[in-house]
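As provided, start_13.txt (compact mmCIF, C-alpha atoms) reads as follows.
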# COMPACT_ATOMS: atom_id res chain seq x y z
CA MET A 1343 -31.38 -48.94 9.22
CA HIS A 1344 -28.92 -46.29 10.30
CA GLY A 1345 -29.64 -44.55 13.59
CA ARG A 1346 -32.93 -42.72 13.26
CA PRO A 1347 -32.70 -38.94 12.73
CA LEU A 1348 -33.96 -38.04 16.21
CA ASN A 1349 -32.13 -40.73 18.19
CA GLY A 1350 -31.12 -39.25 21.54
CA ILE A 1351 -33.85 -36.59 21.54
CA ARG A 1352 -35.94 -36.71 24.73
CA VAL A 1353 -39.59 -35.63 24.60
CA LEU A 1354 -41.91 -34.99 27.55
CA ASP A 1355 -45.45 -35.37 26.25
CA LEU A 1356 -48.31 -33.85 28.27
CA THR A 1357 -50.84 -34.12 25.46
CA ASN A 1358 -54.20 -35.84 25.13
CA VAL A 1359 -56.41 -37.38 22.45
CA LEU A 1360 -55.03 -36.67 18.96
CA ALA A 1361 -53.20 -33.52 17.81
CA GLY A 1362 -50.46 -33.74 20.45
CA PRO A 1363 -50.16 -37.55 20.56
CA TYR A 1364 -50.05 -37.62 16.75
CA CYS A 1365 -47.19 -35.12 16.87
CA SER A 1366 -45.20 -37.10 19.44
CA TYR A 1367 -45.92 -40.32 17.51
CA GLN A 1368 -44.21 -38.78 14.47
CA LEU A 1369 -41.25 -37.75 16.64
CA MET A 1370 -41.08 -41.28 18.08
CA LEU A 1371 -41.06 -42.82 14.59
CA LEU A 1372 -38.13 -40.55 13.76
CA GLY A 1373 -36.23 -41.90 16.77
CA ALA A 1374 -37.10 -39.66 19.73
CA GLU A 1375 -37.61 -41.12 23.21
CA VAL A 1376 -41.13 -40.04 24.22
CA VAL A 1377 -42.40 -40.18 27.80
CA LYS A 1378 -46.10 -39.53 28.21
CA ILE A 1379 -46.97 -37.77 31.47
CA GLU A 1380 -50.48 -38.95 32.38
CA ARG A 1381 -52.92 -38.12 35.15
CA PRO A 1382 -52.86 -40.86 37.80
CA GLY A 1383 -55.69 -43.34 37.41
CA GLN A 1384 -57.07 -41.59 34.32
CA GLY A 1385 -54.42 -41.03 31.69
CA ASP A 1386 -54.90 -39.76 28.17
CA LEU A 1387 -58.61 -39.32 27.37
CA ALA A 1388 -58.03 -41.30 24.17
CA ARG A 1389 -57.56 -44.39 26.35
CA ASN A 1390 -61.36 -44.35 26.71
CA LEU A 1391 -62.17 -43.76 23.03
CA GLY A 1392 -62.81 -46.27 20.28
CA PRO A 1393 -65.37 -48.73 18.92
CA ASP A 1394 -64.53 -51.53 21.41
CA ALA A 1395 -66.20 -50.81 24.77
CA ALA A 1396 -64.14 -53.46 26.58
CA LEU A 1397 -60.86 -51.90 25.45
CA ASN A 1398 -62.16 -48.49 26.50
CA ARG A 1399 -62.94 -49.80 29.99
CA ASP A 1400 -59.40 -51.16 30.22
CA ARG A 1401 -58.00 -47.76 29.17
CA ILE A 1402 -56.45 -49.13 25.99
CA GLY A 1403 -59.04 -47.80 23.54
CA ALA A 1404 -58.38 -47.95 19.81
CA SER A 1405 -57.88 -44.20 19.59
CA PHE A 1406 -55.05 -44.43 22.10
CA LEU A 1407 -53.47 -47.53 20.59
CA ALA A 1408 -53.31 -45.89 17.15
CA GLN A 1409 -51.10 -42.96 18.22
CA ASN A 1410 -48.99 -44.09 21.15
CA ALA A 1411 -46.86 -47.07 20.19
CA GLY A 1412 -43.20 -46.76 21.10
CA LYS A 1413 -43.81 -44.35 23.98
CA LYS A 1414 -43.46 -44.71 27.75
CA SER A 1415 -46.18 -43.87 30.28
CA VAL A 1416 -45.48 -42.24 33.64
CA GLU A 1417 -48.27 -41.09 35.95
CA LEU A 1418 -47.67 -37.73 37.62
CA ASP A 1419 -50.01 -35.37 39.47
CA LEU A 1420 -48.58 -31.90 38.87
CA LYS A 1421 -50.50 -30.61 41.90
CA ASP A 1422 -48.57 -33.01 44.16
CA SER A 1423 -45.23 -31.68 45.43
CA ALA A 1424 -43.36 -34.99 45.10
CA ASP A 1425 -44.65 -35.54 41.57
CA ARG A 1426 -43.84 -31.95 40.64
CA SER A 1427 -40.28 -32.56 41.75
CA VAL A 1428 -40.04 -35.62 39.50
CA PHE A 1429 -41.51 -33.60 36.63
CA GLU A 1430 -38.95 -30.85 37.16
CA ASP A 1431 -36.14 -33.40 37.15
CA LEU A 1432 -37.41 -34.77 33.84
CA LEU A 1433 -37.80 -31.27 32.43
CA ALA A 1434 -34.19 -30.46 33.28
CA GLY A 1435 -33.02 -33.23 30.97
CA ALA A 1436 -35.68 -33.00 28.26
CA ASP A 1437 -35.10 -31.64 24.79
CA VAL A 1438 -38.79 -31.07 24.04
CA LEU A 1439 -41.88 -30.34 26.12
CA LEU A 1440 -45.12 -30.86 24.22
CA GLU A 1441 -48.56 -29.87 25.54
CA ASN A 1442 -52.02 -29.15 24.16
CA PHE A 1443 -53.71 -27.46 27.10
CA ARG A 1444 -55.79 -24.36 26.67
CA ALA A 1445 -53.78 -21.13 26.86
CA GLY A 1446 -52.43 -20.40 30.32
CA VAL A 1447 -53.20 -23.78 31.92
CA LEU A 1448 -49.58 -24.91 32.24
CA ALA A 1449 -48.55 -21.49 33.55
CA ARG A 1450 -51.24 -21.68 36.24
CA MET A 1451 -49.70 -24.99 37.30
CA GLY A 1452 -46.48 -23.08 37.90
CA PHE A 1453 -44.74 -23.95 34.64
CA GLY A 1454 -44.96 -20.84 32.52
CA PRO A 1455 -42.32 -20.06 29.88
CA GLU A 1456 -40.02 -18.24 32.32
CA ARG A 1457 -40.08 -21.10 34.83
CA LEU A 1458 -39.43 -23.61 32.06
CA ALA A 1459 -36.47 -21.56 30.84
CA ASP A 1460 -35.08 -21.46 34.38
CA LEU A 1461 -35.29 -25.24 34.56
CA ASN A 1462 -33.87 -25.82 31.09
CA GLU A 1463 -32.65 -22.97 28.91
CA ARG A 1464 -32.19 -25.33 25.93
CA LEU A 1465 -35.78 -26.62 26.06
CA VAL A 1466 -37.94 -26.61 22.93
CA TYR A 1467 -41.39 -25.90 24.38
CA CYS A 1468 -44.27 -26.55 21.97
CA SER A 1469 -47.94 -25.81 22.60
CA ILE A 1470 -50.68 -27.04 20.26
CA SER A 1471 -54.09 -25.43 20.61
CA GLY A 1472 -57.12 -24.67 18.52
CA PHE A 1473 -56.31 -21.03 17.89
CA GLY A 1474 -52.88 -20.33 19.37
CA HIS A 1475 -52.15 -18.73 22.73
CA THR A 1476 -52.57 -15.12 21.59
CA GLY A 1477 -55.39 -13.10 20.07
CA PRO A 1478 -59.10 -12.78 20.91
CA MET A 1479 -59.69 -16.56 20.64
CA GLY A 1480 -56.53 -17.58 22.48
CA ASP A 1481 -58.34 -19.15 25.42
CA ALA A 1482 -61.31 -20.62 23.52
CA PRO A 1483 -61.82 -24.40 23.64
CA ALA A 1484 -61.61 -26.33 20.39
CA TYR A 1485 -62.09 -29.78 18.94
CA ASP A 1486 -61.41 -30.88 15.39
CA GLN A 1487 -64.94 -30.25 14.14
CA ILE A 1488 -65.00 -26.76 15.65
CA VAL A 1489 -61.82 -25.91 13.77
CA GLN A 1490 -63.10 -27.53 10.56
CA GLY A 1491 -66.05 -25.18 10.65
CA LEU A 1492 -63.98 -22.08 11.34
CA THR A 1493 -61.44 -22.75 8.58
CA GLY A 1494 -64.11 -22.71 5.88
CA MET A 1495 -63.23 -26.23 4.77
CA MET A 1496 -66.71 -27.53 5.64
CA SER A 1497 -68.24 -24.89 3.36
CA VAL A 1498 -66.44 -26.38 0.34
CA THR A 1499 -67.00 -30.03 1.27
CA GLY A 1500 -70.00 -31.70 -0.36
CA THR A 1501 -72.18 -30.29 -3.12
CA MET A 1502 -74.22 -27.11 -3.36
CA GLU A 1503 -77.10 -29.17 -1.97
CA THR A 1504 -75.28 -30.95 0.86
CA ALA A 1505 -72.57 -28.52 2.05
CA PRO A 1506 -71.41 -27.75 4.65
CA GLN A 1507 -70.14 -31.19 5.56
CA ARG A 1508 -67.52 -32.43 7.97
CA ILE A 1509 -64.49 -34.07 6.38
CA GLY A 1510 -64.63 -37.75 7.33
CA PHE A 1511 -61.54 -37.84 9.56
CA PRO A 1512 -60.00 -35.39 12.08
CA VAL A 1513 -57.98 -33.49 9.51
CA CYS A 1514 -57.39 -30.39 11.66
CA ASP A 1515 -56.06 -32.42 14.58
CA THR A 1516 -53.64 -34.34 12.41
CA THR A 1517 -52.59 -31.24 10.46
CA GLY A 1518 -51.89 -29.43 13.72
CA GLY A 1519 -49.85 -32.39 14.93
CA LEU A 1520 -47.84 -32.58 11.72
CA MET A 1521 -47.14 -28.85 11.75
CA ALA A 1522 -46.00 -29.11 15.37
CA ALA A 1523 -43.67 -32.01 14.54
CA LEU A 1524 -42.19 -30.00 11.67
CA ALA A 1525 -41.74 -26.96 13.90
CA ILE A 1526 -40.12 -29.02 16.65
CA THR A 1527 -37.59 -30.65 14.35
CA SER A 1528 -36.76 -27.22 12.91
CA ALA A 1529 -36.40 -25.77 16.41
CA LEU A 1530 -34.04 -28.57 17.38
CA LEU A 1531 -31.85 -27.69 14.41
CA HIS A 1532 -32.01 -24.02 15.43
CA ARG A 1533 -30.93 -24.98 18.94
CA GLU A 1534 -28.08 -27.04 17.56
CA ARG A 1535 -26.81 -23.97 15.73
CA THR A 1536 -27.45 -21.35 18.44
CA GLY A 1537 -27.67 -23.22 21.75
CA GLN A 1538 -30.97 -21.49 22.43
CA GLY A 1539 -34.28 -23.07 23.37
CA VAL A 1540 -37.44 -22.04 21.50
CA ARG A 1541 -41.08 -21.40 22.38
CA LEU A 1542 -43.46 -22.75 19.70
CA ASP A 1543 -47.14 -21.76 19.59
CA VAL A 1544 -49.03 -23.91 17.06
CA SER A 1545 -52.56 -22.94 15.97
CA MET A 1546 -54.68 -25.74 14.50
CA LEU A 1547 -56.83 -23.10 12.79
CA GLU A 1548 -53.89 -21.53 10.99
CA ALA A 1549 -52.07 -24.79 10.30
CA SER A 1550 -55.23 -26.24 8.72
CA MET A 1551 -55.94 -23.16 6.61
CA SER A 1552 -52.36 -23.24 5.36
CA THR A 1553 -53.07 -26.65 3.78
CA MET A 1554 -56.30 -25.68 2.00
CA GLY A 1555 -54.58 -24.75 -1.25
CA TRP A 1556 -56.85 -23.31 -3.93
CA ALA A 1557 -59.76 -22.83 -1.52
CA VAL A 1558 -57.81 -20.11 0.28
CA SER A 1559 -55.30 -18.96 -2.32
CA ASN A 1560 -57.83 -18.46 -5.13
CA TYR A 1561 -59.85 -16.15 -2.91
CA LEU A 1562 -56.81 -14.25 -1.65
CA VAL A 1563 -55.46 -13.78 -5.17
CA SER A 1564 -58.62 -13.47 -7.27
CA GLY A 1565 -61.30 -12.50 -4.77
CA VAL A 1566 -63.56 -15.34 -5.94
CA PRO A 1567 -65.07 -17.32 -3.04
CA PRO A 1568 -64.77 -21.11 -3.54
CA GLN A 1569 -67.92 -23.18 -3.95
CA PRO A 1570 -68.55 -26.83 -3.03
CA LEU A 1571 -68.26 -29.12 -6.05
CA GLY A 1572 -68.59 -32.50 -4.38
CA ASP A 1573 -66.24 -35.02 -5.99
CA GLN A 1574 -65.13 -32.67 -8.78
CA ASN A 1575 -61.85 -30.78 -9.05
CA PRO A 1576 -62.66 -27.07 -9.51
CA THR A 1577 -59.37 -26.36 -11.29
CA ALA A 1578 -59.81 -28.78 -14.19
CA ALA A 1579 -62.24 -30.92 -16.18
CA PRO A 1580 -62.62 -33.80 -16.61
CA SER A 1581 -61.21 -34.30 -13.13
CA GLY A 1582 -63.26 -35.99 -10.43
CA THR A 1583 -65.26 -39.13 -9.74
CA PHE A 1584 -67.00 -40.96 -12.58
CA GLN A 1585 -69.30 -43.99 -12.73
CA THR A 1586 -68.28 -47.28 -14.32
CA LEU A 1587 -70.04 -50.60 -14.77
CA ASP A 1588 -69.39 -51.69 -11.17
CA GLY A 1589 -68.46 -48.62 -9.15
CA PRO A 1590 -66.86 -45.19 -8.95
CA LEU A 1591 -63.57 -44.28 -10.57
CA ASN A 1592 -61.45 -41.19 -10.01
CA ILE A 1593 -59.97 -39.69 -13.18
CA ALA A 1594 -57.68 -36.65 -13.33
CA ALA A 1595 -57.24 -35.73 -17.01
CA ASN A 1596 -55.88 -32.32 -16.11
CA GLN A 1597 -53.72 -31.84 -19.19
CA GLN A 1598 -54.88 -31.46 -22.79
CA ARG A 1599 -52.98 -34.55 -23.89
CA GLN A 1600 -54.56 -36.59 -21.09
CA PHE A 1601 -58.04 -35.38 -22.06
CA GLU A 1602 -57.51 -36.38 -25.68
CA THR A 1603 -56.17 -39.80 -24.64
CA LEU A 1604 -59.12 -40.34 -22.31
CA CYS A 1605 -61.64 -39.57 -25.04
CA ARG A 1606 -59.92 -41.96 -27.43
CA LEU A 1607 -59.74 -44.82 -24.92
CA VAL A 1608 -63.39 -44.56 -23.86
CA GLY A 1609 -64.49 -44.57 -27.50
CA ALA A 1610 -65.63 -40.94 -27.65
CA PRO A 1611 -63.01 -39.15 -29.78
CA GLN A 1612 -65.67 -36.71 -31.01
CA LEU A 1613 -65.58 -34.96 -27.63
CA VAL A 1614 -62.15 -33.54 -28.42
CA ALA A 1615 -63.49 -31.53 -31.37
CA ASP A 1616 -66.66 -30.41 -29.62
CA PRO A 1617 -66.32 -26.63 -29.06
CA ARG A 1618 -67.76 -27.02 -25.56
CA PHE A 1619 -64.85 -29.25 -24.58
CA ALA A 1620 -61.98 -28.41 -26.91
CA GLN A 1621 -60.23 -26.03 -24.48
CA ARG A 1622 -59.54 -26.32 -20.76
CA GLU A 1623 -61.60 -23.32 -19.69
CA ASN A 1624 -64.54 -24.39 -21.87
CA ARG A 1625 -64.51 -27.83 -20.30
CA LYS A 1626 -64.84 -26.29 -16.83
CA VAL A 1627 -67.85 -24.24 -17.96
CA HIS A 1628 -69.52 -27.28 -19.53
CA ARG A 1629 -68.44 -29.75 -16.87
CA GLU A 1630 -71.87 -31.37 -16.43
CA GLU A 1631 -72.36 -32.14 -20.12
CA LEU A 1632 -68.82 -33.51 -20.41
CA ASN A 1633 -69.22 -35.69 -17.31
CA ALA A 1634 -72.51 -37.09 -18.61
CA ALA A 1635 -70.89 -38.12 -21.89
CA LEU A 1636 -67.92 -39.72 -20.13
CA ASN A 1637 -70.11 -41.55 -17.61
CA ALA A 1638 -72.11 -43.08 -20.46
CA ALA A 1639 -68.92 -44.41 -22.06
CA LEU A 1640 -67.30 -45.55 -18.79
CA ALA A 1641 -70.44 -47.47 -17.76
CA LEU A 1642 -69.62 -50.20 -20.30
CA ARG A 1643 -66.66 -51.66 -18.38
CA PRO A 1644 -65.58 -52.34 -14.76
CA ALA A 1645 -63.59 -49.76 -12.82
CA ALA A 1646 -60.53 -52.00 -12.46
CA ASP A 1647 -60.26 -52.40 -16.24
CA TRP A 1648 -60.45 -48.66 -16.81
CA GLU A 1649 -57.90 -48.05 -14.05
CA ARG A 1650 -55.43 -50.41 -15.70
CA ASP A 1651 -55.86 -49.10 -19.24
CA LEU A 1652 -56.00 -45.40 -18.43
CA ASN A 1653 -52.93 -45.49 -16.21
CA ALA A 1654 -51.00 -47.44 -18.82
CA ALA A 1655 -51.77 -44.64 -21.28
CA GLY A 1656 -50.70 -41.88 -18.90
CA VAL A 1657 -54.14 -40.79 -17.66
CA PRO A 1658 -54.25 -40.84 -13.83
CA ALA A 1659 -57.15 -43.05 -12.70
CA ALA A 1660 -57.99 -45.14 -9.65
CA ARG A 1661 -60.94 -46.86 -8.07
CA VAL A 1662 -62.57 -45.31 -5.00
CA LEU A 1663 -61.81 -47.73 -2.16
CA THR A 1664 -63.18 -48.30 1.30
CA VAL A 1665 -60.75 -48.03 4.21
CA PRO A 1666 -60.46 -51.85 4.51
CA GLN A 1667 -59.78 -52.09 0.78
CA ALA A 1668 -57.22 -49.31 0.96
CA LEU A 1669 -55.32 -51.07 3.74
CA GLU A 1670 -55.19 -54.26 1.69
CA GLN A 1671 -53.29 -52.64 -1.19
CA PRO A 1672 -50.06 -54.50 -2.02
CA GLN A 1673 -48.32 -51.13 -2.34
CA LEU A 1674 -48.65 -50.52 1.40
CA GLU A 1675 -47.38 -53.99 2.24
CA HIS A 1676 -44.42 -53.54 -0.10
CA ARG A 1677 -43.37 -50.36 1.71
CA GLY A 1678 -43.96 -51.66 5.24
CA PHE A 1679 -46.57 -49.02 6.06
CA VAL A 1680 -48.50 -51.17 8.58
CA SER A 1681 -46.69 -52.77 11.51
CA ALA A 1682 -47.83 -55.69 13.67
CA LEU A 1683 -47.12 -55.22 17.40
CA PRO A 1684 -47.91 -57.14 20.58
CA HIS A 1685 -51.23 -55.98 22.00
CA PRO A 1686 -50.81 -54.42 25.47
CA GLY A 1687 -52.83 -56.39 27.99
CA ARG A 1688 -54.62 -58.45 25.32
CA PRO A 1689 -52.35 -61.18 23.96
CA ASP A 1690 -55.35 -62.75 22.21
CA LEU A 1691 -55.81 -59.69 19.98
CA ALA A 1692 -53.74 -58.47 17.04
CA LEU A 1693 -52.55 -54.87 16.98
CA HIS A 1694 -51.62 -53.12 13.76
CA VAL A 1695 -50.49 -49.50 13.52
CA VAL A 1696 -49.47 -47.30 10.63
CA GLY A 1697 -46.19 -45.58 9.92
CA ASN A 1698 -45.61 -42.18 8.34
CA GLY A 1699 -45.05 -42.97 4.67
CA VAL A 1700 -41.32 -42.21 4.74
CA LEU A 1701 -38.54 -44.63 3.84
CA PHE A 1702 -35.22 -43.77 5.50
CA ASP A 1703 -32.43 -45.20 3.38
CA GLY A 1704 -34.97 -47.64 2.01
CA GLU A 1705 -36.50 -48.72 5.33
CA ALA A 1706 -39.82 -47.79 6.90
CA PHE A 1707 -39.99 -46.25 10.36
CA VAL A 1708 -41.51 -48.89 12.67
CA PRO A 1709 -42.49 -48.43 16.34
CA PRO A 1710 -40.03 -50.30 18.58
CA SER A 1711 -42.66 -51.29 21.15
CA PRO A 1712 -46.45 -51.41 21.64
CA PRO A 1713 -48.44 -48.58 23.24
CA PRO A 1714 -47.92 -48.47 27.02
CA LEU A 1715 -50.41 -49.39 29.69
CA LEU A 1716 -51.27 -46.49 31.97
CA GLY A 1717 -48.32 -45.93 34.30
CA GLN A 1718 -46.40 -48.85 32.83
CA HIS A 1719 -43.09 -47.05 33.36
CA ASN A 1720 -43.74 -45.48 36.77
CA ASP A 1721 -40.95 -47.53 38.33
CA GLU A 1722 -38.47 -46.10 35.81
CA ARG A 1723 -39.17 -42.42 36.40
CA THR A 1724 -36.29 -41.79 38.80
CA GLU A 1725 -33.85 -43.56 36.53
CA LEU A 1726 -35.26 -41.73 33.52
CA ALA A 1727 -34.73 -38.37 35.22
CA ARG A 1728 -31.16 -39.30 36.20
CA THR A 1729 -30.30 -40.58 32.72
CA TRP A 1730 -31.85 -37.59 30.99
CA ALA A 1731 -30.08 -35.13 33.28
CA ALA A 1732 -26.71 -36.77 32.64
CA ALA A 1733 -27.27 -36.68 28.88
CA ALA A 1734 -28.33 -33.03 29.03
CA ASP A 1735 -25.20 -32.12 31.02
CA VAL A 1736 -22.99 -33.72 28.38
CA GLU A 1737 -24.84 -32.00 25.54
CA GLY A 1738 -24.80 -28.66 27.30
CA ALA A 1739 -21.07 -28.90 27.90
CA ALA A 1740 -20.47 -29.81 24.27
CA ALA A 1741 -22.55 -26.86 23.09
CA SER A 1742 -20.78 -24.29 25.29

Since I need it in another form, could you write the structure as structure tokens?
Amino acid sequence: MHGRPLNGIRVLDLTNVLAGPYCSYQLMLLGAEVVKIERPGQGDLARNLGPDAALNRDRIGASFLAQNAGKKSVELDLKDSADRSVFEDLLAGADVLLENFRAGVLARMGFGPERLADLNERLVYCSISGFGHTGPMGDAPAYDQIVQGLTGMMSVTGTMETAPQRIGFPVCDTTGGLMAALAITSALLHRERTGQGVRLDVSMLEASMSTMGWAVSNYLVSGVPPQPLGDQNPTAAPSGTFQTLDGPLNIAANQQRQFETLCRLVGAPQLVADPRFAQRENRKVHREELNAALNAALALRPAADWERDLNAAGVPAARVLTVPQALEQPQLEHRGFVSALPHPGRPDLALHVVGNGVLFDGEAFVPPSPPPLLGQHNDERTELARTWAAAADVEGAAAS
């Protein structure tokens, strides 16, 4: 692999749990050097989270291990004068400062935007919070589920009988982290062109709503509030989850040609001529009757057989997998999506982490090292500060 796109970029990471660490994990995969600044003796709260109680007690919980490979860990107490001095030295040479405190917390520690600019005028300073640092909710606390509820996404998840339901993974945290990583890389390009640092204020609420597609845009454009439809696609029919002989199958026959092919392959060509189903809009109105007819035909064969035959004919179809089944797909192995790393502190255990789904000149981004133990790089902090400062001096001179 060529040098990674962010090689040489230095990131100070003050974040905890998921949104921020997920962001810095993406930056690390792209080549950035990430130093986690952790509270002495405690560290990132995610160190205590996960299904294995023993790992949690050792502060290497699964939630931490999943998002922190390839990073360094330095313990600093920002209320201690000596540690503050080390932090300031690191800040002077950093390209990016990332934090996910509530609004105003870092400023109350003495590191507001003006102070940060004094220490490093080229710094890209990124805050991730539930609602952003301005507005009537700027200082409100937030976790993923709180934001899920406030975006409206829970109201359209499930059926009319079961909604609202939480989406089964922390989608708002990860969306906020991705948006922050995108903003940071853009800000670095802006700095390259202008020499100016940037202040980034990322709202998980807004970032998440920006990804909700039809659920938001249809209402903004048409004024029609979205309704929960369970496993069905509200924009087309037949498009959703159907029942086969041995399990569920997703089918997305969103185009007329695909619908006609589907009906032929399942042995129900008469559905194409049925006035209830002949046109796209009619199929949406009569979705339940159409689904019942298709389920009856699909129930004669296993899901894997339908998946093979429908895809071969140009009708998108796939089984509904569990997470273990999904991770076993040969497609992921082919593209190097999952990496095996040494387990920190537990040589008897295997550690596997995921990448980001991007091939760079044909190669997957792989973490260069396992997640760090708490304070694993404390002894390197003085050298880190000196090295970073020297690099920043060279870059600053080149930019002037």

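Those residues that approach Gly1699 (chain A) to within 10 Å, counting only C-alpha atoms, are Leu1674, Arg1677, Gly1678, Phe1679, Val1680, Ala1706 and Phe1707 of chain A; same-chain residues fewer than 6 positions away are not listed.
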
Original post:
Given the choices A:Val1708, A:Leu1465, A:Ala1484, A:Leu1571, which gets closest to Glu1503 (chain A) if the distance is worked out from all atoms listed in the file?
Top reply: A:Leu1571

Original post:
Which residues come within 7 Å of Val1416 (chain A), counting only C-alpha atoms, excluding same-chain residues fewer than 5 positions away, as a PyMOL selection string?
Top reply: chain A and resi 1377-1380+1717-1720+1723

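Residues lying within 10 Å of Gln1598 (chain A), counting only C-alpha atoms and ignoring same-chain neighbours fewer than 6 positions away, are Ala1579, Leu1604, Val1614, Ala1620, Gln1621 and Arg1622 of chain A.
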
With C-alpha atoms retained, could you export that selection as a PDB file, keeping the file's coordinate frame?
ATOM      1  CA  ALA A1579     -62.240 -30.920 -16.180  1.00  0.00           C
ATOM      2  CA  LEU A1604     -59.120 -40.340 -22.310  1.00  0.00           C
ATOM      3  CA  VAL A1614     -62.150 -33.540 -28.420  1.00  0.00           C
ATOM      4  CA  ALA A1620     -61.980 -28.410 -26.910  1.00  0.00           C
ATOM      5  CA  GLN A1621     -60.230 -26.030 -24.480  1.00  0.00           C
ATOM      6  CA  ARG A1622     -59.540 -26.320 -20.760  1.00  0.00           C
TER       7      ARG A1622
END

**OP:** Might you pull out every residue within 9 Å of region 1504-1521 of chain A, with all atoms listed in the file counted and same-chain residues fewer than 5 positions away left off, and present them as a PyMOL selection string?
**Re:** chain A and resi 1360-1366+1368+1470-1472+1485-1487+1489-1491+1494-1499+1526+1544-1551+1553+1570+1572

Please determine an axis-aligned box that encloses all atoms of region 1570-1583 of chain A listed in the file, with 8 Å added on each side, and express its centre and edge lengths in Å to one decimal as lines of an AutoDock Vina configuration file.
center_x = -64.0
center_y = -32.7
center_z = -9.8
size_x = 25.2
size_y = 28.8
size_z = 29.6
